[in-house]
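Asker: Here you go, one structure.
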Number of protein chains: 2
Amino acid sequence: MRRTVLALTAALLASAPIAAQTIQTSATDRVIDQGTNHSEVMRIAQYLTDVIGARLTNSPGIRRAEDWTQAKFREWGLVNVHKEGFEFGRGWSNEKLAVRMVAPRPLQLIAAPLPWTPGTSGAITGEVVLAPLADEAAFAQYKGKLKGKVVLITEPKDIEDPTEAPFKRWSVEELAKRDFYDLPNGDGERPFNPARYTFAGKRDAFLKAEGAIGYAIMSSRNGKLVHGQNSQFQVGQSGTLPGIEIAAEDYRRLARLAKMGAKPTLEIDAVNRFDDSDTKGYNILADIPGTDPKAGYVMAGAHLDSWAMGDGAADNAAGSAMVMEAARIIRASGIKTKRAIRFALWAGEEQGLLGSMAYVEAHIAKRPVDPSAGGIVRYMTWSRAFPITPGPDHGKLAAYFNLDNGSGKIRGIYAQGNTAVMPIFEQWFTPFHTMGATLVSARRTGSTDHVFFDAVGIPAFQFIQDPLDYGSMVHHTDVDTFDHLKADDMRQGATILAAFLINAANSDQPLPRAPLATAPTPADQFYPFPESAH
Amino acid sequence: MRRTVLALTAALLASAPIAAQTIQTSATDRVIDQGTNHSEVMRIAQYLTDVIGARLTNSPGIRRAEDWTQAKFREWGLVNVHKEGFEFGRGWSNEKLAVRMVAPRPLQLIAAPLPWTPGTSGAITGEVVLAPLADEAAFAQYKGKLKGKVVLITEPKDIEDPTEAPFKRWSVEELAKRDFYDLPNGDGERPFNPARYTFAGKRDAFLKAEGAIGYAIMSSRNGKLVHGQNSQFQVGQSGTLPGIEIAAEDYRRLARLAKMGAKPTLEIDAVNRFDDSDTKGYNILADIPGTDPKAGYVMAGAHLDSWAMGDGAADNAAGSAMVMEAARIIRASGIKTKRAIRFALWAGEEQGLLGSMAYVEAHIAKRPVDPSAGGIVRYMTWSRAFPITPGPDHGKLAAYFNLDNGSGKIRGIYAQGNTAVMPIFEQWFTPFHTMGATLVSARRTGSTDHVFFDAVGIPAFQFIQDPLDYGSMVHHTDVDTFDHLKADDMRQGATILAAFLINAANSDQPLPRAPLATAPTPADQFYPFPESAH
């Protein structure tokens, strides 16, 4: 279509003097022009990362981001800009962490604070003891041995050789392999043990009772990257002893020195703060109204919250910036749509998609989960609870699009097993084939904020993106920083998202819906065959 | 040969009852047995890295290593164990470094101290200013702007995508590509500007005069690895202002925030110590005597000193441990050789091969270098000074073998253009083909301690090793730690080194020598053609 415009312009130049005139550009080309020639996506991402930084839910960082993102939506002329709260739990932040070995020789170590553990109130010093505590059964063996100690509570796993390149883009062949239909596995529900998620608290209590002064886990990556995570405290829980994650190389050295009797001793100086002034997490919502108030709405979302280390760049300032930029593109291009378009920036994603779940529960559908179950337990049980009771927007929300795979360019979309949408999406991708977006995959993907929309029958999708160094290096680590984001990729992603939203908001019919899930019956568990079938 | 022994044993078992008898094993098989079944190479490497740690020349670490390595050589029965001093310069060490951003938001940063800069005497705080100072011409533009500031003195280079796997071994095809003859380039001497090596001092004086409180350079690697180096102070020089290297991701963020006017502010708390109590560096020497006192000696060496970050594991506890283990293997196997075998652990390698140069000057040959030229200037000029005046050991030292390519297994050896040794080395590698050591390359290699032996006509060689993650990740960084060393590779390396030493010490004739270098004449500069030839 761009070619048509150029040809038209050339014809005008040849035949007549240039005059002010309205050139008829298609909606897609106007979106492409805004999204590529006038992009602001990297400026948005830079503010979220460099200036605001990490945005752990209910930390000072996400509070700054809540204000700033709403201001930007208002600046671009979106309406109904507001935040919607949901119960989350206390806030936590780190202001300082210095960890060094002081014996048998002085050595600065790389470490990250474990969220929702307290600081040290000045530097503390203690000998290191290796006492892997994988479960409660391990407690007995270390009883009476931890007083005054800094305890290494995870096994020092061996190093793995990095024989794969950390940075990659999908080749055409690799991309094609991502297109398959996930058959339901038919082996019934996976076992789920909520006790697993209360172990961090029990371990903390054991260590405290034994007189340990702090504890450390090993980073799951080599090369001195740290995360500050690893199945520690769940939302609403917090610890009483200072806990840190130590870089793998540094942790293994401590463990080896402890094993050889060299009595390694750590000095830890951590300033962490709890904040109970507002225990609600907040989703940010903003609308571009449709021309037909009865036509319902479509939606794009990304989680604004991040993990605690790094600046939450690939996860997920990238997605948040692309969602915000799509809003700016649509407003700036002046395109009107039949349906309204709603933009959502979620909180609490890292603790179990809690923000998007709260939105779904408030507007789309309810499920009979245990009201006392919070955080990860709620996340694990929600989609298993039947019946589904549709809410006020269940019929109104025509489509939801999510971005949460880093800053890599869009290469396709997962259709979540909804095969009826596949030919439609293939048509929508056509103008973007030469920008690398080609694949409509039948596959279902999970672990991010489209999941609960999908679970209650909304056509809800996550895009396929080039992996870059997201999974291999930056995910939840201290190198999840702005400089790992790819500007050209993010311009492409925001542009395609804007085009998809316009298509979904302007289509004659809303996107086809897959059959609503029903409670599994014993008859659905065909593998392994029940006893009676033998 | 191992196969012969097994066949013999089988024959004995078949024909007669087992009795105590002396099985005739070849020297190589006795070396292989000691080096593989009874290896201590990893125990040696672990003590040098985990317990002793970094061994910057004239730091407390290398002083501990000097004592411990001599004690080990004596324990194994080597004789003439001693240290030989050479003038080096003041000692320096770091005991603490904590760097964090305190505005516009609190954030712990990853940094390394720059060796031979002072500490901070308590935490200092200053706003960050980006002022790249590549040369003296850059000073004028920042005059009057640096008072009270922490100055970023290098350009924040863009990130590079890591599209290669950090860890690799040579395939047979890649290894074969390392076999070529380096023709002398015939374009005369490369220009050499000693002024380049005094710039760090001039920059320090400028920053001090301007009232800056400290400065930082950017790490040359991404992924939060730090080195504490980058053409800073040369041996004998030291700074007056605290200097640090900041991880690339953290440095770029500071530079971006400074550029956008966000006034990033750093807090730096560094404890560094100078030590002028002994300005000599020391080489460690230890001998296994030969059976013929007139037959001269052969030698193996590796540098014991390391850079300041990490524990100096791949660079070069690995080589040092293999050299020490070769000594232990030869002593434990009880093999006698005609020539003596000398083991050397060098100091000052990282500052310009200063320890091995001092040995060569004291024992092998002198060259007329400017006596006032020290450190890197001496390194750069030594091999260009003629004539070469042979010293007392020039005719006695039959061969020198060096190890300084990390912990990767030996895949071959560089013949340094000495083609006459190539068929001999091919024969020596034969028993080790199935352990991966196959290539005798005509190529010359440099940058480590065989260089000055080679430059005065001694047959002096460096082995070819599998690269592993040495150049890509651990070289001079804070992940140069014990866990990146490969035990099987190091067992192989020590075994092959021991076998080569025995072969070189027992051969009828000493290894053939290449022609001694002579001073280049204008006639040797055939490219580009001189004016008169046109």
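If you're wondering about the labels, chains in the structure tokens are A, B, ... by order shown, residues count from 1 in each chain, ligands from 1 in order shown.
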Mind listing as a ChimeraX atom specification which residues of chain A are within 9 Å of chain B, counting only C-alpha atoms?
Answerer: /A:50-53,61,94-100,102,104-108,110,112,158-159,161-168,222-225,249-250,252-254,256-257,262,468-469,473-474,478-484
Asker: Grab the residues selected above and save them as a short mmCIF file (atom, residue, chain, number, x, y, z; two decimals), in the first residue's frame with N, CA and C atoms.
Answerer:
```
data_model
loop_
_atom_site.label_atom_id
_atom_site.label_comp_id
_atom_site.auth_asym_id
_atom_site.auth_seq_id
_atom_site.Cartn_x
_atom_site.Cartn_y
_atom_site.Cartn_z
N ASP A 50 15.66 3.39 33.23
CA ASP A 50 16.77 4.18 33.78
C ASP A 50 16.32 5.06 34.94
N VAL A 51 15.23 5.77 34.74
CA VAL A 51 14.82 6.75 35.75
C VAL A 51 14.04 6.08 36.87
N ILE A 52 13.02 5.30 36.52
CA ILE A 52 12.20 4.65 37.56
C ILE A 52 12.89 3.38 38.08
N GLY A 53 13.40 2.55 37.18
CA GLY A 53 14.13 1.33 37.60
C GLY A 53 13.20 0.19 37.96
N GLY A 61 9.35 1.97 43.43
CA GLY A 61 9.50 2.04 41.97
C GLY A 61 8.17 1.94 41.25
N ASN A 94 14.91 -2.47 48.58
CA ASN A 94 16.31 -2.52 49.03
C ASN A 94 16.98 -1.21 48.68
N GLU A 95 17.74 -0.67 49.62
CA GLU A 95 18.46 0.57 49.35
C GLU A 95 19.96 0.37 49.32
N LYS A 96 20.43 -0.73 49.88
CA LYS A 96 21.88 -0.94 49.95
C LYS A 96 22.14 -2.41 50.23
N LEU A 97 23.14 -2.98 49.57
CA LEU A 97 23.60 -4.31 49.94
C LEU A 97 25.07 -4.44 49.61
N ALA A 98 25.88 -4.59 50.62
CA ALA A 98 27.31 -4.82 50.43
C ALA A 98 27.65 -6.11 51.15
N VAL A 99 28.23 -7.06 50.41
CA VAL A 99 28.57 -8.37 50.97
C VAL A 99 30.04 -8.65 50.66
N ARG A 100 30.81 -8.93 51.68
CA ARG A 100 32.19 -9.34 51.39
C ARG A 100 32.64 -10.42 52.34
N VAL A 102 35.43 -11.66 54.72
CA VAL A 102 36.49 -10.99 55.49
C VAL A 102 37.55 -11.99 55.95
N PRO A 104 38.90 -16.32 54.85
CA PRO A 104 40.33 -16.25 55.16
C PRO A 104 41.08 -15.12 54.46
N ARG A 105 40.44 -14.39 53.58
CA ARG A 105 41.08 -13.24 52.93
C ARG A 105 39.98 -12.28 52.53
N PRO A 106 40.27 -10.98 52.41
CA PRO A 106 39.20 -10.04 52.06
C PRO A 106 38.82 -10.15 50.59
N LEU A 107 37.53 -10.17 50.30
CA LEU A 107 37.08 -10.29 48.91
C LEU A 107 35.65 -9.77 48.79
N GLN A 108 35.46 -8.82 47.90
CA GLN A 108 34.12 -8.30 47.64
C GLN A 108 33.31 -9.36 46.88
N ILE A 110 29.51 -10.65 44.95
CA ILE A 110 28.32 -10.15 44.26
C ILE A 110 27.10 -10.84 44.85
N ALA A 112 22.57 -10.33 45.82
CA ALA A 112 21.30 -9.61 45.70
C ALA A 112 20.49 -9.88 46.96
N ASP A 158 27.08 -27.67 40.51
CA ASP A 158 28.24 -27.55 39.63
C ASP A 158 27.98 -26.56 38.49
N ILE A 159 29.06 -26.02 37.99
CA ILE A 159 28.98 -25.10 36.86
C ILE A 159 28.59 -25.86 35.60
N ASP A 161 28.85 -25.59 31.35
CA ASP A 161 29.59 -24.88 30.32
C ASP A 161 28.63 -24.18 29.36
N PRO A 162 28.81 -22.88 29.13
CA PRO A 162 27.90 -22.16 28.24
C PRO A 162 28.24 -22.41 26.77
N THR A 163 27.73 -23.52 26.26
CA THR A 163 28.05 -23.92 24.88
C THR A 163 27.03 -23.41 23.86
N GLU A 164 26.07 -22.61 24.31
CA GLU A 164 25.11 -21.99 23.39
C GLU A 164 25.34 -20.48 23.40
N ALA A 165 25.12 -19.85 22.26
CA ALA A 165 25.23 -18.39 22.21
C ALA A 165 24.09 -17.78 23.02
N PRO A 166 24.38 -16.83 23.90
CA PRO A 166 23.31 -16.24 24.72
C PRO A 166 22.28 -15.45 23.91
N PHE A 167 22.69 -14.92 22.75
CA PHE A 167 21.79 -14.05 21.98
C PHE A 167 21.36 -14.77 20.71
N LYS A 168 20.07 -14.83 20.46
CA LYS A 168 19.64 -15.45 19.20
C LYS A 168 18.33 -14.88 18.69
N ASN A 222 25.42 -18.89 36.11
CA ASN A 222 26.84 -18.63 36.29
C ASN A 222 27.18 -17.25 35.75
N GLY A 223 28.44 -16.87 35.87
CA GLY A 223 28.89 -15.59 35.31
C GLY A 223 28.49 -14.40 36.16
N LYS A 224 28.32 -14.62 37.47
CA LYS A 224 28.08 -13.54 38.43
C LYS A 224 26.76 -12.80 38.25
N LEU A 225 25.82 -13.39 37.53
CA LEU A 225 24.50 -12.76 37.45
C LEU A 225 23.70 -13.14 38.69
N GLU A 249 29.64 -18.21 41.31
CA GLU A 249 31.09 -18.38 41.52
C GLU A 249 31.47 -18.06 42.96
N ASP A 250 30.87 -17.02 43.50
CA ASP A 250 31.19 -16.63 44.88
C ASP A 250 30.62 -17.63 45.88
N ARG A 252 29.94 -20.89 45.36
CA ARG A 252 30.70 -22.15 45.32
C ARG A 252 32.02 -22.02 46.06
N ARG A 253 32.67 -20.84 45.92
CA ARG A 253 33.94 -20.65 46.63
C ARG A 253 33.72 -20.73 48.14
N LEU A 254 32.65 -20.07 48.62
CA LEU A 254 32.35 -20.12 50.05
C LEU A 254 32.10 -21.55 50.50
N ARG A 256 33.18 -24.33 49.11
CA ARG A 256 34.42 -25.11 49.09
C ARG A 256 35.30 -24.77 50.30
N LEU A 257 35.40 -23.48 50.59
CA LEU A 257 36.23 -23.07 51.74
C LEU A 257 35.65 -23.62 53.04
N ALA A 262 38.29 -23.92 56.12
CA ALA A 262 38.98 -22.62 56.12
C ALA A 262 38.18 -21.52 56.81
N LEU A 468 16.24 -13.13 21.56
CA LEU A 468 17.41 -12.28 21.93
C LEU A 468 18.14 -12.94 23.11
N ASP A 469 18.49 -12.15 24.14
CA ASP A 469 19.19 -12.70 25.31
C ASP A 469 18.26 -12.78 26.53
N MET A 473 19.90 -14.80 29.67
CA MET A 473 20.76 -13.87 30.38
C MET A 473 20.03 -12.84 31.23
N VAL A 474 19.04 -12.16 30.65
CA VAL A 474 18.51 -10.99 31.35
C VAL A 474 17.29 -11.28 32.24
N ASP A 478 20.23 -8.93 37.26
CA ASP A 478 20.70 -7.56 37.38
C ASP A 478 21.18 -6.98 36.05
N VAL A 479 21.17 -7.76 34.95
CA VAL A 479 21.45 -7.14 33.65
C VAL A 479 20.17 -6.96 32.83
N ASP A 480 19.01 -6.99 33.50
CA ASP A 480 17.79 -6.65 32.76
C ASP A 480 17.69 -5.12 32.72
N THR A 481 18.51 -4.55 31.84
CA THR A 481 18.68 -3.10 31.78
C THR A 481 18.34 -2.58 30.38
N PHE A 482 18.16 -1.27 30.31
CA PHE A 482 17.74 -0.62 29.07
C PHE A 482 18.62 -0.97 27.87
N ASP A 483 19.94 -1.08 28.10
CA ASP A 483 20.84 -1.31 26.95
C ASP A 483 20.66 -2.68 26.33
N HIS A 484 19.95 -3.60 26.98
CA HIS A 484 19.66 -4.90 26.37
C HIS A 484 18.39 -4.85 25.52
#
```
Asker: Based on DSSP run over this structure's backbone, return all residues of stretch 151-398 of chain B in helix (DSSP H, G or I), as JSON, numbers by chain.
Answerer: {"B": [172, 173, 174, 175, 176, 194, 195, 196, 197, 198, 199, 200, 201, 202, 203, 204, 205, 206, 207, 208, 209, 248, 249, 250, 251, 252, 253, 254, 255, 256, 257, 258, 259, 293, 294, 295, 313, 314, 315, 316, 317, 318, 319, 320, 321, 322, 323, 324, 325, 326, 327, 328, 329, 330, 331, 332, 333, 349, 350, 351, 354, 355, 356, 357, 358, 359, 360, 361, 362, 363, 364, 375, 376, 377, 378, 379, 380, 381, 382]}
Asker: Which residues of stretch 31-142 of chain B come within 8 Å of stretch 321-335 of chain B, and for each one, what is the closest pair of atoms and their distance in Å to one decimal, counting only C-alpha atoms, sorted by chain and residue number, as a tab-separated table?
Answerer:
```
residue	atom	partner	partner_atom	distance
B:Val31	CA	B:Ile329	CA	6.3
B:Gln34	CA	B:Ile329	CA	5.6
B:Gly35	CA	B:Ile329	CA	6.1
B:Ser39	CA	B:Glu325	CA	7.7
B:Glu40	CA	B:Glu325	CA	6.6
B:Val41	CA	B:Glu325	CA	5.5
B:Met42	CA	B:Ala321	CA	7.5
B:Ile44	CA	B:Ala321	CA	5.6
B:Ala45	CA	B:Ala321	CA	5.3
B:Phe73	CA	B:Met324	CA	7.5
B:Trp76	CA	B:Arg328	CA	6.0
B:Gly77	CA	B:Arg331	CA	7.2
B:Leu78	CA	B:Arg331	CA	7.8
```
Asker: Between A:Ile124, A:Ala385, A:Met299, A:Met380, which residue has the minimum interatomic distance to A:Leu397, considering only C-alpha atoms?
Answerer: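 Among the listed residues, A:Met299 lies closest to A:Leu397.
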Asker: A:Phe274: which residues within 8 Å, counting only C-alpha atoms, same-chain residues fewer than 2 positions away excluded, as a list in words?
Answerer: Arg90, Gly91, Trp92, Ser93, Trp116, Pro118, Asn272 and Asp276 of chain A
